Protein chains: 2
Amino acid sequence: MARKTGSHSEITGPRIRAAALTLFARNGFAAVSMRQIAAEVGVQAGALYLYTPDKETLLFDLLKSHMDELIATWDALPPAATPPARLEAFVRFHIGFNLDRADAVFLSYMELRNLGPANFATIEALRRDYENRLGAILHDGQAAGDFTAPDAKLATLAIIAMLTGVTTWYREGGRLSRDRVGDIYWDMVRKSVAA
Amino acid sequence: MARKTGSHSEITGPRIRAAALTLFARNGFAAVSMRQIAAEVGVQAGALYLYTPDKETLLFDLLKSHMDELIATWDALPPAATPPARLEAFVRFHIGFNLDRADAVFLSYMELRNLGPANFATIEALRRDYENRLGAILHDGQAAGDFTAPDAKLATLAIIAMLTGVTTWYREGGRLSRDRVGDIYWDMVRKSVAA
DNA sequence: GTCTATAGAAAGATAGAC
DNA sequence: GTCTATCTTTCTATAGAC
């Protein structure tokens, strides 16, 4: 198809989202101006409004994409045979996926309050959706006698909080490799729900 | 001493800090204006500057007070005899203290990026100071053969993240009492570092 | 598709009256 | 100690030229 002079929509859109993600995570949604995002991309502020109706929608799209991808990626993995094996897979998946997307993870926990009620509810529902996948593993394992958790719902929240915390301190090239971190967390999680 | 007409400094200062804490936690530091804080207190915006040199210092004072009180309160507790007993005390203390101050906890994790380098370093040092108290318990317990944690530093961070997560979902008057939550988390923590 | 220019609102912080 | 008033800057979002 013909390329119009000055048309870069196919590349500018993603670059805007990437710049917004980085800046929002680093400085906070409210502290980042549309001008800053535009400057990072190399366009003027007004040009951003060709790609988003407003600032909040830009944030919402980032969070929605992140949650959709999180769930879709997990669901695409072949399920392991037993609850303990599924739990191990979940631990390693959650750490790995979130470490690859530390900015989006931070945003999805810290900037929800900048969404309007409808957008907020959408993201919250996706989060619960994801958490329920861990909840189901714990439930199945409990029924099979593999796990003993006094309260499956609390165990879910406790494990997710523990795993997600990795994104706050892990640094690439640091003392521990990702696999080693996965090993250590899996050891703790495994024991924490042990029968 | 004589009371000057219109003088309310002894009450206004704390009320400003309380309003700022609530508003910052609910809406985010950057999203809250000095005018909003003043309106909540019932004074005009200019009056706030009698109590703080600027907005960032107001945030810093809130975070500093919180960390100081956290550490002082823990240090004032009589230490339990054994590492497992000390670990249990820490779990219950951390949950209880943080549930009483959910706003400050949220702030101290989410709004550090709004501090300048010097203020940031101060709060980070206090946080490490507190974390090291848990680290010492795990270290002592490991030496005594009470615990087996593949990596004491990671276990510290994992446990803190897990416990602090309670503040994101706990609601007073909900399904579980605080004591019950403490029981369940202690069960998981105890097992997670079991020998 | 992007730019310049700008409308209109709101921000942090200060000055001076009371 | 607080208020009113305001300076100055910055913000989101839009209009219209190219």
# chains A, B, ... in the order shown; residues from 1 in each chain; ligands from 1
>>> closest_atom_pairs(of="range 54-166 of chain B", to="range 109-113 of chain A", cutoff="12 Å", atoms="only C-alpha atoms", output="CSV")
residue,atom,partner,partner_atom,distance
B:Phe106,CA,A:Met110,CA,9.1
B:Leu107,CA,A:Met110,CA,10.1
B:Ser108,CA,A:Met110,CA,11.9
B:Tyr109,CA,A:Met110,CA,9.3
B:Met110,CA,A:Met110,CA,6.6
B:Glu111,CA,A:Met110,CA,9.3
B:Gly165,CA,A:Tyr109,CA,11.2
>>> interface_residues(of="chain A", to="chain B", cutoff="9 Å", atoms="only C-alpha atoms", output="PyMOL selection string")
chain A and resi 26-31+110-111+113-114+149-151+154-155+157-166+169+181+184-185+187-194
>>> write_last_selection(atoms="C-alpha atoms", output="PDB file, in the first residue's frame")
ATOM      1  CA  ARG A  26       9.457   5.534  36.943  1.00  0.00           C
ATOM      2  CA  ASN A  27       7.734   8.767  37.937  1.00  0.00           C
ATOM      3  CA  GLY A  28       4.110   7.912  38.517  1.00  0.00           C
ATOM      4  CA  PHE A  29       1.122   8.525  36.295  1.00  0.00           C
ATOM      5  CA  ALA A  30       0.146  11.909  37.651  1.00  0.00           C
ATOM      6  CA  ALA A  31       3.708  13.175  37.689  1.00  0.00           C
ATOM      7  CA  MET A 110       0.295   1.288  41.918  1.00  0.00           C
ATOM      8  CA  GLU A 111      -1.682   3.280  39.418  1.00  0.00           C
ATOM      9  CA  ARG A 113      -6.347   4.519  41.498  1.00  0.00           C
ATOM     10  CA  ASN A 114      -5.905   6.792  38.506  1.00  0.00           C
ATOM     11  CA  ALA A 149      -3.310 -24.588  53.502  1.00  0.00           C
ATOM     12  CA  PRO A 150      -5.518 -23.390  56.352  1.00  0.00           C
ATOM     13  CA  ASP A 151      -7.228 -20.977  53.954  1.00  0.00           C
ATOM     14  CA  LEU A 154      -5.272 -16.342  51.808  1.00  0.00           C
ATOM     15  CA  ALA A 155      -2.616 -18.731  50.570  1.00  0.00           C
ATOM     16  CA  LEU A 157      -2.876 -13.856  48.011  1.00  0.00           C
ATOM     17  CA  ALA A 158       0.150 -14.572  50.176  1.00  0.00           C
ATOM     18  CA  ILE A 159       1.955 -16.485  47.441  1.00  0.00           C
ATOM     19  CA  ILE A 160       1.186 -13.906  44.760  1.00  0.00           C
ATOM     20  CA  ALA A 161       2.426 -11.076  46.976  1.00  0.00           C
ATOM     21  CA  MET A 162       5.599 -12.982  47.763  1.00  0.00           C
ATOM     22  CA  LEU A 163       6.340 -13.783  44.124  1.00  0.00           C
ATOM     23  CA  THR A 164       5.462 -10.367  42.772  1.00  0.00           C
ATOM     24  CA  GLY A 165       7.799  -8.802  45.318  1.00  0.00           C
ATOM     25  CA  VAL A 166      10.702 -10.132  43.283  1.00  0.00           C
ATOM     26  CA  TRP A 169      14.525  -5.890  44.111  1.00  0.00           C
ATOM     27  CA  VAL A 181      15.667 -17.109  42.280  1.00  0.00           C
ATOM     28  CA  ILE A 184      14.600 -20.529  46.037  1.00  0.00           C
ATOM     29  CA  TYR A 185      11.068 -19.193  45.806  1.00  0.00           C
ATOM     30  CA  ASP A 187      11.372 -24.121  47.734  1.00  0.00           C
ATOM     31  CA  MET A 188       9.667 -21.642  50.038  1.00  0.00           C
ATOM     32  CA  VAL A 189       6.284 -21.846  48.343  1.00  0.00           C
ATOM     33  CA  ARG A 190       6.368 -25.621  48.242  1.00  0.00           C
ATOM     34  CA  LYS A 191       7.082 -25.854  51.930  1.00  0.00           C
ATOM     35  CA  SER A 192       4.614 -23.125  52.897  1.00  0.00           C
ATOM     36  CA  VAL A 193       1.664 -25.183  51.659  1.00  0.00           C
ATOM     37  CA  ALA A 194       3.137 -28.586  52.429  1.00  0.00           C
TER      38      ALA A 194
END
>>> residues_around(residues="DA5 in chain D", least_positions_apart="4", cutoff="12 Å", atoms="only C-alpha atoms (C1' of nucleotides)", output="PDB file with N, CA and C atoms (P, O5', C5', C4', C3', O3' and C1' of nucleotides), in the first residue's frame")
ATOM      1  N   GLN B  44      -6.655  27.780  54.308  1.00  0.00           N
ATOM      2  CA  GLN B  44      -6.296  28.133  52.945  1.00  0.00           C
ATOM      3  C   GLN B  44      -4.918  27.562  52.600  1.00  0.00           C
ATOM      4  N   GLY B  46      -2.184  28.703  51.445  1.00  0.00           N
ATOM      5  CA  GLY B  46      -0.991  29.399  51.918  1.00  0.00           C
ATOM      6  C   GLY B  46      -0.609  29.030  53.339  1.00  0.00           C
TER       7      GLY B  46
ATOM      8  P    DT C  14       8.266  29.729  48.593  1.00  0.00           P
ATOM      9  O5'  DT C  14       7.609  31.180  48.435  1.00  0.00           O
ATOM     10  C5'  DT C  14       7.761  31.847  47.180  1.00  0.00           C
ATOM     11  C4'  DT C  14       7.052  33.189  47.242  1.00  0.00           C
ATOM     12  C3'  DT C  14       7.264  34.002  48.513  1.00  0.00           C
ATOM     13  O3'  DT C  14       7.616  35.325  48.123  1.00  0.00           O
ATOM     14  C1'  DT C  14       4.958  33.822  48.049  1.00  0.00           C
ATOM     15  P    DA C  15       8.091  36.393  49.236  1.00  0.00           P
ATOM     16  O5'  DA C  15       6.879  37.432  49.216  1.00  0.00           O
ATOM     17  C5'  DA C  15       6.246  37.774  47.975  1.00  0.00           C
ATOM     18  C4'  DA C  15       5.308  38.945  48.203  1.00  0.00           C
ATOM     19  C3'  DA C  15       5.649  39.816  49.412  1.00  0.00           C
ATOM     20  O3'  DA C  15       5.284  41.166  49.120  1.00  0.00           O
ATOM     21  C1'  DA C  15       3.556  38.742  49.767  1.00  0.00           C
ATOM     22  P    DG C  16       5.625  42.356  50.191  1.00  0.00           P
ATOM     23  O5'  DG C  16       4.202  42.623  50.848  1.00  0.00           O
ATOM     24  C5'  DG C  16       3.083  42.839  49.992  1.00  0.00           C
ATOM     25  C4'  DG C  16       1.825  42.883  50.826  1.00  0.00           C
ATOM     26  C3'  DG C  16       1.950  43.679  52.139  1.00  0.00           C
ATOM     27  O3'  DG C  16       0.718  44.343  52.349  1.00  0.00           O
ATOM     28  C1'  DG C  16       1.253  41.513  52.618  1.00  0.00           C
ATOM     29  P    DA C  17       0.553  45.440  53.507  1.00  0.00           P
ATOM     30  O5'  DA C  17      -0.936  45.150  54.004  1.00  0.00           O
ATOM     31  C5'  DA C  17      -1.984  45.073  53.045  1.00  0.00           C
ATOM     32  C4'  DA C  17      -3.170  44.341  53.646  1.00  0.00           C
ATOM     33  C3'  DA C  17      -3.634  44.905  54.994  1.00  0.00           C
ATOM     34  O3'  DA C  17      -5.063  44.894  55.045  1.00  0.00           O
ATOM     35  C1'  DA C  17      -3.071  42.619  55.246  1.00  0.00           C
TER      36       DA C  17
END
>>> closest_atom_pairs(of="chain D", to="chain A", cutoff="10 Å", atoms="only C-alpha atoms (C1' of nucleotides)", output="JSON lines")
{"residue": "D:DT10", "atom": "C1'", "partner": "A:Ser33", "partner_atom": "CA", "distance": 9.2}
{"residue": "D:DC11", "atom": "C1'", "partner": "A:Ser33", "partner_atom": "CA", "distance": 7.2}
{"residue": "D:DT12", "atom": "C1'", "partner": "A:Met34", "partner_atom": "CA", "distance": 7.8}
{"residue": "D:DA13", "atom": "C1'", "partner": "A:Gly46", "partner_atom": "CA", "distance": 8.0}
{"residue": "D:DT14", "atom": "C1'", "partner": "A:Gly46", "partner_atom": "CA", "distance": 8.4}
>>> interface_residues(of="chain C", to="chain A", cutoff="9 Å", atoms="only C-alpha atoms (C1' of nucleotides)", output="ChimeraX atom specification")
/C:1-3
>>> residues_around(residues="Ile16 in chain B", least_positions_apart="5", cutoff="10 Å", atoms="only C-alpha atoms (C1' of nucleotides)", output="PDB file with C-alpha atoms, in the first residue's frame")
ATOM      1  CA  ILE B  11      -3.619  21.161  66.347  1.00  0.00           C
ATOM      2  CA  LEU B  21      -1.429  10.973  54.567  1.00  0.00           C
ATOM      3  CA  ILE B  37      -5.008  19.180  51.599  1.00  0.00           C
ATOM      4  CA  ALA B  38      -5.831  22.653  52.866  1.00  0.00           C
ATOM      5  CA  ALA B  39      -9.521  22.187  52.089  1.00  0.00           C
ATOM      6  CA  GLU B  40      -9.564  18.914  54.021  1.00  0.00           C
ATOM      7  CA  VAL B  41      -8.060  20.661  57.044  1.00  0.00           C
ATOM      8  CA  GLY B  42     -10.232  23.724  56.678  1.00  0.00           C
ATOM      9  CA  VAL B  43      -7.539  26.323  56.026  1.00  0.00           C
ATOM     10  CA  LEU B  48       0.187  25.001  54.880  1.00  0.00           C
ATOM     11  CA  TYR B  51       4.092  23.859  58.668  1.00  0.00           C
ATOM     12  CA  THR B  52       6.151  22.584  55.783  1.00  0.00           C
ATOM     13  CA  LEU B  58       5.537  17.013  53.797  1.00  0.00           C
TER      14      LEU B  58
END
